[in-house]
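Structure data follow from work20.txt (compact mmCIF, C-alpha atoms):
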# COMPACT_ATOMS: atom_id res chain seq x y z
CA MET A 21 122.55 97.95 122.76
CA THR A 22 119.25 99.72 123.48
CA PHE A 23 116.24 98.35 121.60
CA ASP A 24 114.75 100.99 119.32
CA PRO A 25 111.19 100.03 118.33
CA ILE A 26 110.97 102.81 115.73
CA ALA A 27 114.22 101.83 114.02
CA VAL A 28 113.13 98.19 113.89
CA ARG A 29 109.80 99.19 112.36
CA LEU A 30 111.37 101.52 109.80
CA GLU A 31 113.72 98.81 108.57
CA ALA A 32 110.80 96.41 108.22
CA ALA A 33 108.70 99.07 106.50
CA ARG A 34 111.35 99.62 103.85
CA SER A 35 111.13 95.96 102.88
CA VAL A 36 107.33 95.89 102.96
CA VAL A 37 107.03 99.05 100.86
CA ARG A 38 109.61 97.76 98.39
CA ASP A 39 107.52 94.65 97.76
CA ALA A 40 104.31 96.69 97.62
CA ALA A 41 105.83 99.11 95.12
CA GLN A 42 106.97 96.29 92.88
CA LEU A 43 103.48 94.79 92.98
CA ALA A 44 102.00 98.15 92.00
CA LEU A 45 104.54 98.54 89.22
CA SER A 46 103.66 95.11 87.84
CA LEU A 47 99.96 96.08 87.76
CA ARG A 48 100.43 99.57 86.31
CA PRO A 49 98.37 100.18 83.16
CA ALA A 50 100.10 100.98 79.91
CA PRO A 51 100.21 104.68 78.95
CA GLY A 52 96.94 105.88 77.47
CA GLY A 53 93.42 106.64 78.59
CA PRO A 54 92.69 106.11 82.28
CA SER A 55 92.28 102.54 83.54
CA GLY A 56 90.17 102.06 86.66
CA THR A 57 86.92 103.30 88.14
CA LEU A 58 85.99 106.72 89.49
CA LYS A 59 85.26 107.22 93.21
CA GLY A 60 84.59 110.88 92.45
CA ARG A 61 85.54 113.51 89.91
CA GLN A 62 89.17 112.87 88.89
CA ASP A 63 89.44 110.42 91.84
CA TYR A 64 90.46 107.05 90.43
CA LEU A 65 90.43 103.61 92.01
CA THR A 66 92.46 100.85 90.37
CA GLU A 67 92.92 97.14 90.93
CA ALA A 68 96.32 97.90 92.42
CA ASP A 69 94.94 100.09 95.23
CA GLY A 70 93.21 97.18 96.93
CA ALA A 71 95.95 94.65 96.18
CA VAL A 72 98.75 96.84 97.50
CA GLU A 73 96.87 97.83 100.66
CA ALA A 74 96.06 94.16 101.36
CA LEU A 75 99.73 93.18 100.95
CA VAL A 76 100.94 95.93 103.29
CA SER A 77 98.25 95.20 105.89
CA ARG A 78 99.00 91.47 105.91
CA ARG A 79 102.77 91.91 106.16
CA ILE A 80 102.56 94.50 108.93
CA GLN A 81 100.16 92.29 110.91
CA GLU A 82 102.56 89.37 110.59
CA LEU A 83 105.54 91.46 111.71
CA PHE A 84 103.88 93.64 114.36
CA PRO A 85 100.56 92.08 115.41
CA GLU A 86 100.25 94.52 118.31
CA ASP A 87 100.30 97.59 116.02
CA GLY A 88 97.35 99.53 114.66
CA PHE A 89 96.72 99.86 110.94
CA GLN A 90 94.82 102.32 108.77
CA GLY A 91 94.51 102.33 104.99
CA GLU A 92 92.90 104.59 102.43
CA GLU A 93 90.65 101.86 101.09
CA ASN A 94 89.57 100.00 104.24
CA GLY A 95 90.01 102.59 106.99
CA ALA A 96 91.26 101.75 110.48
CA THR A 97 91.25 97.97 110.86
CA ARG A 98 93.48 97.53 113.95
CA GLN A 99 94.39 99.60 117.01
CA GLY A 100 97.68 99.91 118.91
CA ARG A 101 100.24 102.24 120.45
CA PHE A 102 101.95 102.37 117.07
CA ARG A 103 99.71 102.97 114.07
CA TRP A 104 100.68 102.38 110.45
CA VAL A 105 98.93 104.53 107.85
CA VAL A 106 99.18 103.53 104.19
CA ASP A 107 98.26 105.15 100.92
CA PRO A 108 98.64 102.19 98.56
CA ILE A 109 98.85 104.36 95.43
CA ASP A 110 99.29 108.09 95.95
CA GLY A 111 98.91 109.83 92.62
CA THR A 112 96.34 107.37 91.33
CA SER A 113 95.26 109.63 88.47
CA ASN A 114 98.85 109.49 87.19
CA TYR A 115 99.11 105.76 87.84
CA ALA A 116 95.84 105.04 86.02
CA ARG A 117 97.24 106.62 82.85
CA GLY A 118 100.56 104.79 82.96
CA ARG A 119 102.52 107.82 84.14
CA ASP A 120 105.51 107.68 86.49
CA ARG A 121 104.68 110.20 89.24
CA TRP A 122 103.02 108.03 91.88
CA CYS A 123 104.16 106.24 94.99
CA VAL A 124 103.43 103.89 97.87
CA SER A 125 103.37 105.83 101.16
CA LEU A 126 103.59 104.20 104.60
CA GLY A 127 103.78 106.32 107.73
CA LEU A 128 104.15 105.32 111.36
CA LEU A 129 102.51 107.21 114.23
CA GLU A 130 103.22 106.70 117.91
CA GLY A 131 100.02 107.90 119.50
CA ASP A 132 99.26 111.00 117.47
CA GLU A 133 102.88 111.79 116.56
CA PRO A 134 104.44 110.88 113.18
CA VAL A 135 107.70 109.10 113.99
CA ALA A 136 108.75 107.39 110.73
CA GLY A 137 107.86 107.16 107.09
CA VAL A 138 108.70 105.50 103.79
CA ILE A 139 107.67 106.82 100.38
CA GLU A 140 108.71 104.77 97.37
CA ALA A 141 108.18 105.88 93.77
CA PRO A 142 109.33 102.78 91.86
CA ALA A 143 108.83 104.19 88.37
CA LEU A 144 111.14 107.07 89.36
CA GLY A 145 113.63 104.86 91.20
CA GLU A 146 113.29 106.89 94.41
CA VAL A 147 112.81 105.99 98.08
CA PHE A 148 112.36 108.63 100.78
CA THR A 149 112.79 107.56 104.42
CA ALA A 150 112.91 109.20 107.82
CA SER A 151 112.59 108.42 111.51
CA LYS A 152 112.32 110.77 114.45
CA GLY A 153 115.66 112.27 115.40
CA LYS A 154 117.59 110.29 112.77
CA GLY A 155 117.29 112.52 109.69
CA ALA A 156 115.59 112.25 106.32
CA PHE A 157 116.99 110.48 103.27
CA LEU A 158 116.49 110.03 99.54
CA ASN A 159 117.94 106.76 98.27
CA GLY A 160 120.08 106.62 101.41
CA LYS A 161 121.54 110.13 101.11
CA PRO A 162 120.63 112.89 103.61
CA ILE A 163 118.20 115.55 102.43
CA LYS A 164 117.30 119.03 103.64
CA ALA A 165 114.70 121.61 102.68
CA SER A 166 115.68 124.32 100.20
CA PRO A 167 117.81 127.26 101.41
CA ILE A 168 115.86 129.73 99.22
CA THR A 169 114.79 132.97 100.92
CA ASN A 170 113.48 134.96 97.94
CA THR A 171 109.96 134.05 96.84
CA GLN A 172 110.74 135.33 93.33
CA GLU A 173 113.14 132.39 93.00
CA ALA A 174 110.74 129.89 94.53
CA MET A 175 108.83 127.00 92.99
CA ILE A 176 105.54 126.32 94.77
CA GLU A 177 103.20 123.40 94.11
CA MET A 178 99.49 123.33 94.89
CA GLY A 179 97.35 120.22 94.86
CA TRP A 180 94.03 120.24 93.04
CA SER A 181 90.93 118.55 94.40
CA SER A 182 87.31 118.42 93.27
CA ARG A 183 86.40 118.98 96.95
CA VAL A 184 87.77 122.53 96.78
CA PRO A 185 85.77 125.27 95.04
CA ALA A 186 87.42 126.56 91.88
CA GLU A 187 87.33 130.09 93.31
CA THR A 188 89.41 129.01 96.31
CA PHE A 189 91.97 127.22 94.16
CA ASN A 190 92.27 130.19 91.82
CA GLU A 191 92.59 132.62 94.74
CA LYS A 192 95.46 130.68 96.32
CA ILE A 193 97.29 130.15 93.01
CA ALA A 194 96.99 133.88 92.29
CA ALA A 195 98.46 134.65 95.72
CA ILE A 196 101.38 132.31 95.03
CA MET A 197 102.02 133.91 91.65
CA ALA A 198 101.83 137.38 93.20
CA LEU A 199 104.88 136.42 95.27
CA GLY A 200 106.75 135.92 92.01
CA ALA A 201 106.90 132.16 92.59
CA MET A 202 106.54 129.57 89.85
CA PRO A 203 103.38 127.45 90.31
CA ARG A 204 103.33 123.69 89.79
CA SER A 205 100.85 120.83 90.19
CA GLY A 206 102.04 117.25 89.82
CA GLY A 207 99.17 115.03 90.96
CA SER A 208 100.76 113.35 94.01
CA GLY A 209 100.52 114.99 97.42
CA ALA A 210 103.00 112.62 99.06
CA LEU A 211 105.65 113.22 96.39
CA ALA A 212 104.98 116.97 96.41
CA LEU A 213 105.69 117.04 100.14
CA ALA A 214 108.77 114.86 99.65
CA ASP A 215 109.97 117.37 97.05
CA VAL A 216 109.74 120.12 99.68
CA ALA A 217 111.74 117.94 102.07
CA CYS A 218 114.56 117.43 99.58
CA GLY A 219 114.64 120.99 98.23
CA ARG A 220 113.31 120.31 94.75
CA SER A 221 110.33 122.48 95.61
CA ASP A 222 110.03 125.38 98.02
CA GLY A 223 106.44 124.86 99.10
CA TYR A 224 103.31 122.77 98.79
CA LEU A 225 99.73 123.70 99.58
CA GLU A 226 96.67 121.48 99.50
CA ILE A 227 93.38 122.71 100.88
CA VAL A 228 91.84 119.29 101.61
CA ILE A 229 94.11 116.29 102.06
CA GLN A 230 93.84 113.11 104.12
CA LEU A 231 96.07 111.51 106.76
CA TRP A 232 97.06 108.60 104.52
CA ASP A 233 98.36 111.06 101.92
CA VAL A 234 100.70 112.78 104.39
CA ALA A 235 101.49 110.37 107.26
CA ALA A 236 104.86 109.31 105.87
CA ALA A 237 105.68 112.77 104.53
CA LEU A 238 105.14 114.45 107.91
CA ALA A 239 108.04 112.52 109.42
CA ILE A 240 110.22 113.19 106.38
CA LEU A 241 109.42 116.93 106.42
CA ALA A 242 110.14 117.23 110.14
CA GLU A 243 113.56 115.62 109.75
CA SER A 244 114.41 117.75 106.70
CA GLY A 245 113.93 121.04 108.53
CA ALA A 246 110.92 122.15 106.48
CA ALA A 247 108.21 124.29 108.05
CA VAL A 248 104.80 122.59 108.20
CA SER A 249 101.34 123.76 109.20
CA PRO A 250 99.64 122.05 112.20
CA PHE A 251 97.84 119.50 110.01
CA LEU A 252 97.14 116.97 112.76
CA GLN A 253 95.92 119.62 115.18
CA THR A 254 93.46 121.13 112.67
CA GLY A 255 91.47 118.00 111.86
CA GLY A 256 93.95 115.86 109.93
CA LEU A 257 93.78 112.95 112.36
CA THR A 258 90.14 112.28 111.69
CA GLY A 259 89.30 113.80 108.29
CA GLY A 260 90.39 116.07 105.49
CA ALA A 261 92.43 119.14 106.47
CA THR A 262 94.73 121.73 104.92
CA ILE A 263 98.49 121.28 104.72
CA LEU A 264 101.13 123.86 103.92
CA ALA A 265 104.80 122.86 103.87
CA ALA A 266 107.61 125.20 102.91
CA ALA A 267 111.32 125.88 102.94
CA PRO A 268 112.05 127.82 106.15
CA GLY A 269 113.27 130.89 104.30
CA VAL A 270 110.00 131.48 102.45
CA ALA A 271 107.58 129.91 104.93
CA GLN A 272 106.30 133.11 106.53
CA ALA A 273 105.87 134.96 103.23
CA LEU A 274 104.01 132.01 101.73
CA SER A 275 101.89 131.54 104.85
CA ALA A 276 100.82 135.19 104.78
CA ALA A 277 100.12 135.15 101.05
CA VAL A 278 97.80 132.13 101.14
CA ASP A 279 96.42 132.94 104.60
CA MET A 280 97.37 129.58 106.08
CA GLU A 281 99.08 129.05 109.44
CA ILE A 282 102.53 127.49 109.35
Go ahead and express the file in the form of C-alpha cells.
Amino acid sequence: MTFDPIAVRLEAARSVVRDAAQLALSLRPAPGGPSGTLKGRQDYLTEADGAVEALVSRRIQELFPEDGFQGEENGATRQGRFRWVVDPIDGTSNYARGRDRWCVSLGLLEGDEPVAGVIEAPALGEVFTASKGKGAFLNGKPIKASPITNTQEAMIEMGWSSRVPAETFNEKIAAIMALGAMPRSGGSGALALADVACGRSDGYLEIVIQLWDVAAALAILAESGAAVSPFLQTGGLTGGATILAAAPGVAQALSAAVDMEI
C-alpha cells in the first residue's frame, strides 16, 4: 500500500479538530450580550480563541513536528513543506453571544496549494472534510455545489467587515439583489464557504478575508466542484484578499455583477 501523507494528516486533523471543537464548546458563553474583548469594530477575541489555537498547535507539533503552522492569533510559528493554518473560532461574533453558527477551521497547504481541510461546527453537529482528489464530505456523506443556473432562484451570502467601506458593501449587495438573488449574511466566512460547497448557498462574497478563514474551505470547495476566485494568487497568502465562491451555473453571472474574477 502506497503511503499517502495527505490522507494520514487529514485523519489526524479530524481528531485534533474534534477535540478543539469540544474545548471551544465547553468555553462558549451563555446567550446574551457579547463576552470577550474587541480587537476592532465588531471583531471579538474570546478566551477560547487562544486556548483552542494552543491546543491545535501543540497537537499538530506532536504528530507532525516537521510541518509548518500558522494561526490567527499567533501567526506563523513553524515552517515546513506542509503548512497547517487554523482559525480557532471562525464566527467569533456569533460565538461571543452564545450563538451556534461558528466553527473550528483547520486547513492543510502543501507549498502554496490547499490539499485538505476540516471545518467542525460542534453546536450545529456538522463536520466538513476534504482532501485533494478524494472528494468533499459533510458528516461523512459526499457533497457537491448547487446545480442552480438561474440567479433569480439563487441565495447569495456576503460577509461584512469593518475594513470595507459601507459604500462598497452596499454596492455589491445591490448588484447581488439586481440579479434577483436572495441576500444573506451569517457571520462566519468558513461556514458560508462550506455552505456553497454543499449546495445550501449558491455564492459567497467577502471583500477582505484572511487565509486562516478560508484555508480549509478552499480544499472543500475545490472538491465540491464550486467555482472560486484566485484568492491565493491575489494576495491571500500574505494578507487580506477578496474571495468569491459560487455554484458553477451562476458563477459567471455573479462574477460579472459584482465585478470580481472567478
List the neighbours of A:Glu177 out to 9 Å using only C-alpha atoms; skip same-chain residues closer than 6 positions along the sequence, and give me the result as a PDB file with C-alpha atoms, in the frame of the given file.
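Contents of result_26.pdb, as written:
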ATOM      1  CA  MET A 202     106.540 129.570  89.850  1.00  0.00           C
ATOM      2  CA  PRO A 203     103.380 127.450  90.310  1.00  0.00           C
ATOM      3  CA  ARG A 204     103.330 123.690  89.790  1.00  0.00           C
ATOM      4  CA  SER A 205     100.850 120.830  90.190  1.00  0.00           C
ATOM      5  CA  GLY A 206     102.040 117.250  89.820  1.00  0.00           C
ATOM      6  CA  ALA A 212     104.980 116.970  96.410  1.00  0.00           C
ATOM      7  CA  SER A 221     110.330 122.480  95.610  1.00  0.00           C
ATOM      8  CA  ASP A 222     110.030 125.380  98.020  1.00  0.00           C
ATOM      9  CA  GLY A 223     106.440 124.860  99.100  1.00  0.00           C
ATOM     10  CA  TYR A 224     103.310 122.770  98.790  1.00  0.00           C
ATOM     11  CA  LEU A 225      99.730 123.700  99.580  1.00  0.00           C
ATOM     12  CA  GLU A 226      96.670 121.480  99.500  1.00  0.00           C
TER      13      GLU A 226
END
If we count only C-alpha atoms and set the cut-off at 12 Å, which residues sit around A:Gly209, ignoring sequence neighbours fewer than 5 positions away in its own chain? Please answer as a CSV table (one decimal) with C-alpha atoms, in the frame of the given file.
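Result written to around33.csv:
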chain,number,residue,atom,x,y,z
A,107,ASP,CA,98.3,105.2,100.9
A,109,ILE,CA,98.8,104.4,95.4
A,110,ASP,CA,99.3,108.1,96.0
A,111,GLY,CA,98.9,109.8,92.6
A,112,THR,CA,96.3,107.4,91.3
A,113,SER,CA,95.3,109.6,88.5
A,114,ASN,CA,98.8,109.5,87.2
A,121,ARG,CA,104.7,110.2,89.2
A,122,TRP,CA,103.0,108.0,91.9
A,123,CYS,CA,104.2,106.2,95.0
A,124,VAL,CA,103.4,103.9,97.9
A,125,SER,CA,103.4,105.8,101.2
A,139,ILE,CA,107.7,106.8,100.4
A,177,GLU,CA,103.2,123.4,94.1
A,178,MET,CA,99.5,123.3,94.9
A,179,GLY,CA,97.4,120.2,94.9
A,180,TRP,CA,94.0,120.2,93.0
A,181,SER,CA,90.9,118.6,94.4
A,204,ARG,CA,103.3,123.7,89.8
A,214,ALA,CA,108.8,114.9,99.6
A,215,ASP,CA,110.0,117.4,97.0
A,216,VAL,CA,109.7,120.1,99.7
A,223,GLY,CA,106.4,124.9,99.1
A,224,TYR,CA,103.3,122.8,98.8
A,225,LEU,CA,99.7,123.7,99.6
A,226,GLU,CA,96.7,121.5,99.5
A,227,ILE,CA,93.4,122.7,100.9
A,228,VAL,CA,91.8,119.3,101.6
A,229,ILE,CA,94.1,116.3,102.1
A,230,GLN,CA,93.8,113.1,104.1
A,231,LEU,CA,96.1,111.5,106.8
A,232,TRP,CA,97.1,108.6,104.5
A,233,ASP,CA,98.4,111.1,101.9
A,234,VAL,CA,100.7,112.8,104.4
A,235,ALA,CA,101.5,110.4,107.3
A,236,ALA,CA,104.9,109.3,105.9
A,237,ALA,CA,105.7,112.8,104.5
A,238,LEU,CA,105.1,114.4,107.9
A,262,THR,CA,94.7,121.7,104.9
A,263,ILE,CA,98.5,121.3,104.7
A,264,LEU,CA,101.1,123.9,103.9
A,265,ALA,CA,104.8,122.9,103.9
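For the point (117.7, 105.6, 101.4), the residues with an atom at a distance of at most 7 Å are Val147, Phe148, Thr149, Phe157, Leu158, Asn159, Gly160 and Lys161 of chain A, counting only C-alpha atoms.
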Any idea what the distance is between atom CA of A:Gly219 and atom CA of A:Leu128?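 Going from atom CA of A:Gly219 over to atom CA of A:Leu128 covers 23.0 Å.
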Rank A:Ala201, A:Tyr115, A:Pro25, A:Thr258 by their smallest atom-to-atom distance to A:Thr169, using all atoms listed in the file, and report the top residue only.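 Closest candidate: A:Ala201.
The closest residue to A:Glu133, picked from A:Gln253, A:Thr66, A:Asn94, A:Ser208 and counting all atoms listed in the file, is A:Gln253.
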Nearest to A:Ala239 by atom-to-atom distance, counting only C-alpha atoms, from A:Val76, A:Ala150, A:Ala198, A:Cys218: A:Ala150
Which residue of A:Ala271, A:Ile80, A:Val248, A:Leu43 approaches A:Ile196 most closely, using only C-alpha atoms: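 Going through A:Ala271, A:Ile80, A:Val248, A:Leu43 one by one, the smallest distance to A:Ile196 is for A:Ala271.
Computed from the coordinates, the atom CA of A:Asp24 to atom CA of A:Ala247 distance equals 26.7 Å.
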For atom CA of A:Met175 and atom CA of A:Ser244, determine how far apart the two atoms are, in Å to one decimal place. 17.5 Å
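Distances to A:Val105 were evaluated for A:Ala32, A:Ala136, A:Ala277, A:Leu45 using all atoms listed in the file, and the minimum falls at A:Ala136.
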Go through A:Gly256, A:Gly118, A:Gly245, A:Pro250 one by one, measure the shortest atom-to-atom distance of each to A:Arg48 using only C-alpha atoms, and give the residue with the smallest value.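 Of the candidates, the smallest distance to A:Arg48 is held by A:Gly118.
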So that I can see what lies close to A:Thr97, please list as a VMD selection string the residues with an atom at most 10 Å from it, counting all atoms listed in the file and leaving out residues fewer than 4 positions away in the same chain. chain A and resid 77 88 to 91
I need the residues from that last selection saved to file as a compact mmCIF listing (two decimals), in the frame of the given file (with C-alpha atoms), if you can.
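Generated output (result06.txt):
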# COMPACT_ATOMS: atom_id res chain seq x y z
CA SER A 77 98.25 95.20 105.89
CA GLY A 88 97.35 99.53 114.66
CA PHE A 89 96.72 99.86 110.94
CA GLN A 90 94.82 102.32 108.77
CA GLY A 91 94.51 102.33 104.99
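The environment of A:Val36 within 10 Å, counting only C-alpha atoms and disregarding residues fewer than 6 places along the same chain, consists of Leu30, Leu75, Val76, Ser77, Arg78, Arg79, Ile80, Leu83, Leu126 and Val138 of chain A.
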